[in-house]
Amino acid sequence: MTSRTRKLLVYLDQNFISEMAKPTHDRVRPDFRELYSILHEGFWNEQLVVLRSRFHDVETSLAGLLKDPIRRRRSTLGHVDTASEWDIRDSQIVASLHKFVGHSDGTPVICHDDAFEDDPDERVGHFDIDVDMDWTHADAKEQRQRHAAELDRVRQRIREHSISYEQQFRIEMDAARQEALRPHCVRNCAVGVTDEQYRQFVASTAFAEVPIIWLEVALMTRLMTAHATRTIKQGDVTDIDAMSTYLPYCDIYGADRFMAGVANSLGVPDRYGCRLFDSGKDGVANLIDHLRKALASVAPVNVPELSIFVTAADSIKQNSFEFFRKIGSQAKRAENSLGAWVEVFGFDDGKMPRYELRQARGVAAPFFGLQEVVVIECSASEDADTLVEAARKECRSTHFVLIDAYQDLPDDFMMTALMTPKNGKYGVLGYRIYSRDR
């Protein structure tokens, strides 16, 4: 996965996520509702992922009443966590260092293998585990305040002495070089090279062009010199750190209007081949337009081999939990053994049973238990033809099985169902198999 992923990679600043997470009665901007709808559809259709980072976790921990809505929104846009900024920094410096001394194995400096905890091109799971780690960010607010105050003192000195961008850039880059020469940095990065080679690298243009180094220095310098009368805000450092770390790996990056302006003034999007959009009304409109065009040309990366639609028939209601457990376990077995993704849907007429988990008393479970099932709401009066058309609308595979009555499924049911269309047959155990495209 060293090259660009097949799915579009989208990173959104926290202000995008927060705006999309606001309750509808809280005067959410209509353009953000539309943006969420497009992003969610692209995510569900295996065309894009919205990345999650530690910066999002920190900002979410400070979001008050919006914390839970933000987490719920994030879980419907992407299940891919990024590597930490420290790991990405090390990987970029090591790759640049080895290239500088002639030890490179061909791994690019911007290597996608180093940037993600999860493979973005993996199929989307229905469940997302988002652990509440707010306690790990207990002092985040105080740290942000201290850092912003320190930088604001630097900004004031720049203003007082009329220091230019070029002058401050050299000062900031020298500080980055001194940091890179500290013992712990040398131990992390100088494996397989001599101390002298490492020192030469740190003093070279190659070091200054390491993406995360150049971006941090350039963005911070532009912020403090071009906007010398503006007080440094707490979020500025987080915005710069996030953009410096993740923008080079993304196809699309969303930032607030101010930081997008800072980045555009430096030519950042063109430098790293990423489309940058701001959170103003025009910026969001442009992002929506770009996403529509981009998604029209991106094929789904993963497509189900077969879809199973289970109706809300009375016989199924009477055995729902166990029936879905058997279907779900066979679907998982098919994926693990054959790599065949079987997507399972369940019609719900509002009268499907609910259960209490035996392992966790008091914890309610839906009619499909703990299986991966997409629920389709329906009315009790809908006939078979209406259900078939609803299934066609939702189906992402070439064929689907409509299960309209309960029976004790044999262990090879799923394998047989997967092979039946390939053998030119359109039925399995009395259940009809339909072509999605008729």
# chains A, B, ... in the order shown; residues from 1 in each chain; ligands from 1
>>> residues_around(residues="A:Ile163", least_positions_apart="2", cutoff="12 Å", atoms="only C-alpha atoms", output="PDB file with N, CA and C atoms, in the first residue's frame")
ATOM      1  N   VAL A 154       6.284  34.879  20.699  1.00  0.00           N
ATOM      2  CA  VAL A 154       7.152  34.903  19.512  1.00  0.00           C
ATOM      3  C   VAL A 154       6.556  35.833  18.456  1.00  0.00           C
ATOM      4  N   ARG A 155       5.243  35.736  18.271  1.00  0.00           N
ATOM      5  CA  ARG A 155       4.575  36.612  17.294  1.00  0.00           C
ATOM      6  C   ARG A 155       4.787  38.084  17.631  1.00  0.00           C
ATOM      7  N   GLN A 156       4.682  38.420  18.900  1.00  0.00           N
ATOM      8  CA  GLN A 156       4.875  39.806  19.316  1.00  0.00           C
ATOM      9  C   GLN A 156       6.304  40.273  19.027  1.00  0.00           C
ATOM     10  N   ARG A 157       7.281  39.384  19.264  1.00  0.00           N
ATOM     11  CA  ARG A 157       8.687  39.742  18.972  1.00  0.00           C
ATOM     12  C   ARG A 157       8.881  39.959  17.477  1.00  0.00           C
ATOM     13  N   ILE A 158       8.249  39.104  16.660  1.00  0.00           N
ATOM     14  CA  ILE A 158       8.344  39.251  15.203  1.00  0.00           C
ATOM     15  C   ILE A 158       7.789  40.599  14.768  1.00  0.00           C
ATOM     16  N   ARG A 159       6.660  40.964  15.366  1.00  0.00           N
ATOM     17  CA  ARG A 159       6.043  42.245  15.004  1.00  0.00           C
ATOM     18  C   ARG A 159       6.913  43.423  15.440  1.00  0.00           C
ATOM     19  N   GLU A 160       7.435  43.354  16.645  1.00  0.00           N
ATOM     20  CA  GLU A 160       8.248  44.451  17.180  1.00  0.00           C
ATOM     21  C   GLU A 160       9.507  44.686  16.355  1.00  0.00           C
ATOM     22  N   HIS A 161      10.095  43.603  15.856  1.00  0.00           N
ATOM     23  CA  HIS A 161      11.361  43.693  15.126  1.00  0.00           C
ATOM     24  C   HIS A 161      11.195  43.596  13.617  1.00  0.00           C
ATOM     25  N   TYR A 165       9.299  36.829   6.608  1.00  0.00           N
ATOM     26  CA  TYR A 165       9.021  35.394   6.511  1.00  0.00           C
ATOM     27  C   TYR A 165      10.313  34.607   6.328  1.00  0.00           C
ATOM     28  N   GLU A 166      11.181  35.067   5.443  1.00  0.00           N
ATOM     29  CA  GLU A 166      12.424  34.349   5.152  1.00  0.00           C
ATOM     30  C   GLU A 166      13.316  34.271   6.386  1.00  0.00           C
ATOM     31  N   GLN A 167      13.409  35.368   7.130  1.00  0.00           N
ATOM     32  CA  GLN A 167      14.237  35.369   8.333  1.00  0.00           C
ATOM     33  C   GLN A 167      13.683  34.406   9.387  1.00  0.00           C
ATOM     34  N   GLN A 168      12.380  34.471   9.623  1.00  0.00           N
ATOM     35  CA  GLN A 168      11.782  33.611  10.635  1.00  0.00           C
ATOM     36  C   GLN A 168      11.796  32.153  10.200  1.00  0.00           C
ATOM     37  N   PHE A 169      11.668  31.908   8.893  1.00  0.00           N
ATOM     38  CA  PHE A 169      11.737  30.533   8.388  1.00  0.00           C
ATOM     39  C   PHE A 169      13.086  29.922   8.752  1.00  0.00           C
ATOM     40  N   ARG A 170      14.171  30.676   8.578  1.00  0.00           N
ATOM     41  CA  ARG A 170      15.503  30.167   8.914  1.00  0.00           C
ATOM     42  C   ARG A 170      15.613  29.904  10.418  1.00  0.00           C
ATOM     43  N   ILE A 171      15.040  30.803  11.217  1.00  0.00           N
ATOM     44  CA  ILE A 171      15.073  30.608  12.670  1.00  0.00           C
ATOM     45  C   ILE A 171      14.337  29.339  13.071  1.00  0.00           C
ATOM     46  N   THR A 221       5.534  29.754  10.397  1.00  0.00           N
ATOM     47  CA  THR A 221       6.200  31.008  10.055  1.00  0.00           C
ATOM     48  C   THR A 221       5.251  31.957   9.329  1.00  0.00           C
ATOM     49  N   ARG A 222       4.493  31.431   8.370  1.00  0.00           N
ATOM     50  CA  ARG A 222       3.533  32.273   7.651  1.00  0.00           C
ATOM     51  C   ARG A 222       2.474  32.820   8.608  1.00  0.00           C
ATOM     52  N   MET A 224       2.765  33.555  11.745  1.00  0.00           N
ATOM     53  CA  MET A 224       3.276  34.577  12.663  1.00  0.00           C
ATOM     54  C   MET A 224       3.795  35.820  11.946  1.00  0.00           C
ATOM     55  N   THR A 225       4.151  35.692  10.667  1.00  0.00           N
ATOM     56  CA  THR A 225       4.682  36.864   9.958  1.00  0.00           C
ATOM     57  C   THR A 225       3.612  37.570   9.122  1.00  0.00           C
ATOM     58  N   ALA A 226       2.777  36.818   8.434  1.00  0.00           N
ATOM     59  CA  ALA A 226       1.748  37.438   7.588  1.00  0.00           C
ATOM     60  C   ALA A 226       0.558  37.927   8.412  1.00  0.00           C
ATOM     61  N   ALA A 228       0.820  39.118  11.821  1.00  0.00           N
ATOM     62  CA  ALA A 228       1.537  39.494  13.035  1.00  0.00           C
ATOM     63  C   ALA A 228       0.677  40.253  14.029  1.00  0.00           C
TER      64      ALA A 228
END
>>> atom_distance(atom1="atom CA of A:Val373", atom2="atom CA of A:Gly346")
6.4 Å
>>> atom_distance(atom1="atom CA of A:Arg52", atom2="atom CA of A:Leu12")
8.7 Å
>>> residues_around(residues="A:Ile327", least_positions_apart="3", cutoff="12 Å", atoms="only C-alpha atoms", output="JSON, numbers by chain")
{"A": [307, 308, 309, 310, 320, 321, 322, 323, 324, 330, 331, 332, 333, 334, 342, 343, 344, 345, 346, 368, 369, 370, 371, 372, 373, 401, 403, 406, 407, 408, 409, 410, 411, 412, 413, 414, 415, 417]}
>>> atom_distance(atom1="atom CA of A:Leu62", atom2="atom CA of A:Ala149")
18.7 Å
>>> select_by_dssp(residues="stretch 76-318 of chain A", states="strand (DSSP E)", output="list in words")
Ile252, Tyr253, Gly254, Ala255, Arg275, Leu276, Phe277, Asp278, Leu306, Ser307, Ile308, Phe309 and Val310 of chain A
>>> residues_around(residues="A:Gly427", least_positions_apart="5", cutoff="12 Å", atoms="only C-alpha atoms", output="list in words")
His399, Phe400, Val401, Leu402, Ile403, Phe413, Thr416, Ala417, Leu418, Met419, Thr420, Pro421, Lys422, Arg432, Ile433, Tyr434 and Ser435 of chain A
>>> write_last_selection(atoms="C-alpha atoms", output="short mmCIF file (atom, residue, chain, number, x, y, z; two decimals), in the first residue's frame")
data_model
loop_
_atom_site.label_atom_id
_atom_site.label_comp_id
_atom_site.auth_asym_id
_atom_site.auth_seq_id
_atom_site.Cartn_x
_atom_site.Cartn_y
_atom_site.Cartn_z
CA HIS A 399 -27.52 -11.34 -7.31
CA PHE A 400 -29.49 -11.62 -4.10
CA VAL A 401 -31.44 -14.26 -2.19
CA LEU A 402 -34.86 -13.39 -0.76
CA ILE A 403 -35.53 -15.44 2.37
CA PHE A 413 -26.32 -23.09 2.81
CA THR A 416 -24.39 -23.33 -2.02
CA ALA A 417 -26.03 -19.92 -2.39
CA LEU A 418 -22.73 -18.41 -3.55
CA MET A 419 -22.25 -21.07 -6.22
CA THR A 420 -25.84 -21.29 -7.49
CA PRO A 421 -25.90 -18.17 -9.76
CA LYS A 422 -22.54 -19.21 -11.22
CA ARG A 432 -35.47 -17.60 -5.04
CA ILE A 433 -32.26 -15.93 -6.25
CA TYR A 434 -32.80 -12.69 -8.18
CA SER A 435 -30.60 -10.74 -10.52
#
>>> residues_around(residues="stretch 261-276 of chain A", least_positions_apart="4", cutoff="6 Å", atoms="only C-alpha atoms", output="list of chain:residue names")
A:Pro248, A:Asp251, A:Ile252, A:Tyr253, A:Gly254
>>> write_last_selection(atoms="N, CA and C atoms", output="mmCIF file, in the first residue's frame")
data_model
loop_
_atom_site.group_PDB
_atom_site.id
_atom_site.type_symbol
_atom_site.label_atom_id
_atom_site.label_comp_id
_atom_site.auth_asym_id
_atom_site.auth_seq_id
_atom_site.Cartn_x
_atom_site.Cartn_y
_atom_site.Cartn_z
ATOM 1 N N PRO A 248 -0.263 15.513 3.289
ATOM 2 C CA PRO A 248 0.440 14.872 2.166
ATOM 3 C C PRO A 248 -0.083 13.486 1.793
ATOM 4 N N ASP A 251 -6.265 12.846 -0.417
ATOM 5 C CA ASP A 251 -6.784 13.373 -1.683
ATOM 6 C C ASP A 251 -7.541 14.675 -1.453
ATOM 7 N N ILE A 252 -8.211 14.756 -0.301
ATOM 8 C CA ILE A 252 -9.048 15.910 0.037
ATOM 9 C C ILE A 252 -8.788 16.285 1.485
ATOM 10 N N TYR A 253 -8.628 17.585 1.726
ATOM 11 C CA TYR A 253 -8.397 18.061 3.091
ATOM 12 C C TYR A 253 -9.320 19.242 3.348
ATOM 13 N N GLY A 254 -10.029 19.210 4.482
ATOM 14 C CA GLY A 254 -10.914 20.303 4.865
ATOM 15 C C GLY A 254 -10.372 21.027 6.076
#
>>> residues_around(residues="A:Gln178", least_positions_apart="5", cutoff="10 Å", atoms="only C-alpha atoms", output="PyMOL selection string")
chain A and resi 172-173+202-203
>>> write_last_selection(atoms="N, CA and C atoms", output="mmCIF file, in the first residue's frame")
data_model
loop_
_atom_site.group_PDB
_atom_site.id
_atom_site.type_symbol
_atom_site.label_atom_id
_atom_site.label_comp_id
_atom_site.auth_asym_id
_atom_site.auth_seq_id
_atom_site.Cartn_x
_atom_site.Cartn_y
_atom_site.Cartn_z
ATOM 1 N N GLU A 172 13.125 29.154 12.512
ATOM 2 C CA GLU A 172 12.315 27.970 12.844
ATOM 3 C C GLU A 172 12.969 26.687 12.335
ATOM 4 N N MET A 173 13.568 26.736 11.140
ATOM 5 C CA MET A 173 14.219 25.538 10.603
ATOM 6 C C MET A 173 15.456 25.194 11.426
ATOM 7 N N VAL A 202 20.898 16.238 8.656
ATOM 8 C CA VAL A 202 20.110 17.250 9.365
ATOM 9 C C VAL A 202 20.460 18.649 8.891
ATOM 10 N N ALA A 203 21.694 18.854 8.497
ATOM 11 C CA ALA A 203 22.132 20.171 8.013
ATOM 12 C C ALA A 203 21.777 20.406 6.548
#
>>> residues_around(residues="A:His112", least_positions_apart="6", cutoff="12 Å", atoms="only C-alpha atoms", output="ChimeraX atom specification")
/A:1-6,9,82-83,88,91-92,118-121,246-250
>>> write_last_selection(atoms="C-alpha atoms", output="PDB file, in the first residue's frame")
ATOM      1  CA  MET A   1       0.000   0.000   0.000  1.00  0.00           C
ATOM      2  CA  THR A   2       2.953   2.375  -0.611  1.00  0.00           C
ATOM      3  CA  SER A   3       1.111   4.197  -3.412  1.00  0.00           C
ATOM      4  CA  ARG A   4      -2.184   6.069  -3.165  1.00  0.00           C
ATOM      5  CA  THR A   5      -5.073   3.960  -1.943  1.00  0.00           C
ATOM      6  CA  ARG A   6      -7.949   3.111  -4.255  1.00  0.00           C
ATOM      7  CA  LEU A   9      -8.789   9.686   1.504  1.00  0.00           C
ATOM      8  CA  THR A  82      -4.184   7.311  11.389  1.00  0.00           C
ATOM      9  CA  ALA A  83      -0.754   6.673  12.827  1.00  0.00           C
ATOM     10  CA  ILE A  88       4.838   9.579  10.824  1.00  0.00           C
ATOM     11  CA  SER A  91       9.066   7.290   9.153  1.00  0.00           C
ATOM     12  CA  GLN A  92       9.494  10.345   6.916  1.00  0.00           C
ATOM     13  CA  ASP A 118      -5.919   0.242   9.391  1.00  0.00           C
ATOM     14  CA  ASP A 119      -5.948  -0.423   5.648  1.00  0.00           C
ATOM     15  CA  PRO A 120      -8.278   2.209   4.110  1.00  0.00           C
ATOM     16  CA  ASP A 121      -9.094  -0.159   1.243  1.00  0.00           C
ATOM     17  CA  TYR A 246      -1.752  14.201   7.302  1.00  0.00           C
ATOM     18  CA  LEU A 247      -2.319  16.485   4.304  1.00  0.00           C
ATOM     19  CA  PRO A 248       0.440  14.872   2.166  1.00  0.00           C
ATOM     20  CA  TYR A 249      -1.351  11.503   2.418  1.00  0.00           C
ATOM     21  CA  CYS A 250      -4.818  12.771   1.489  1.00  0.00           C
TER      22      CYS A 250
END
>>> closest_residue(among="A:Leu219, A:Asp152, A:Leu97, A:Phe258", to="A:Ala242", atoms="only C-alpha atoms")
A:Leu219
>>> closest_residue(among="A:Asn15, A:Ser244, A:Ser53, A:Thr231", to="A:Leu151", atoms="only C-alpha atoms")
A:Thr231
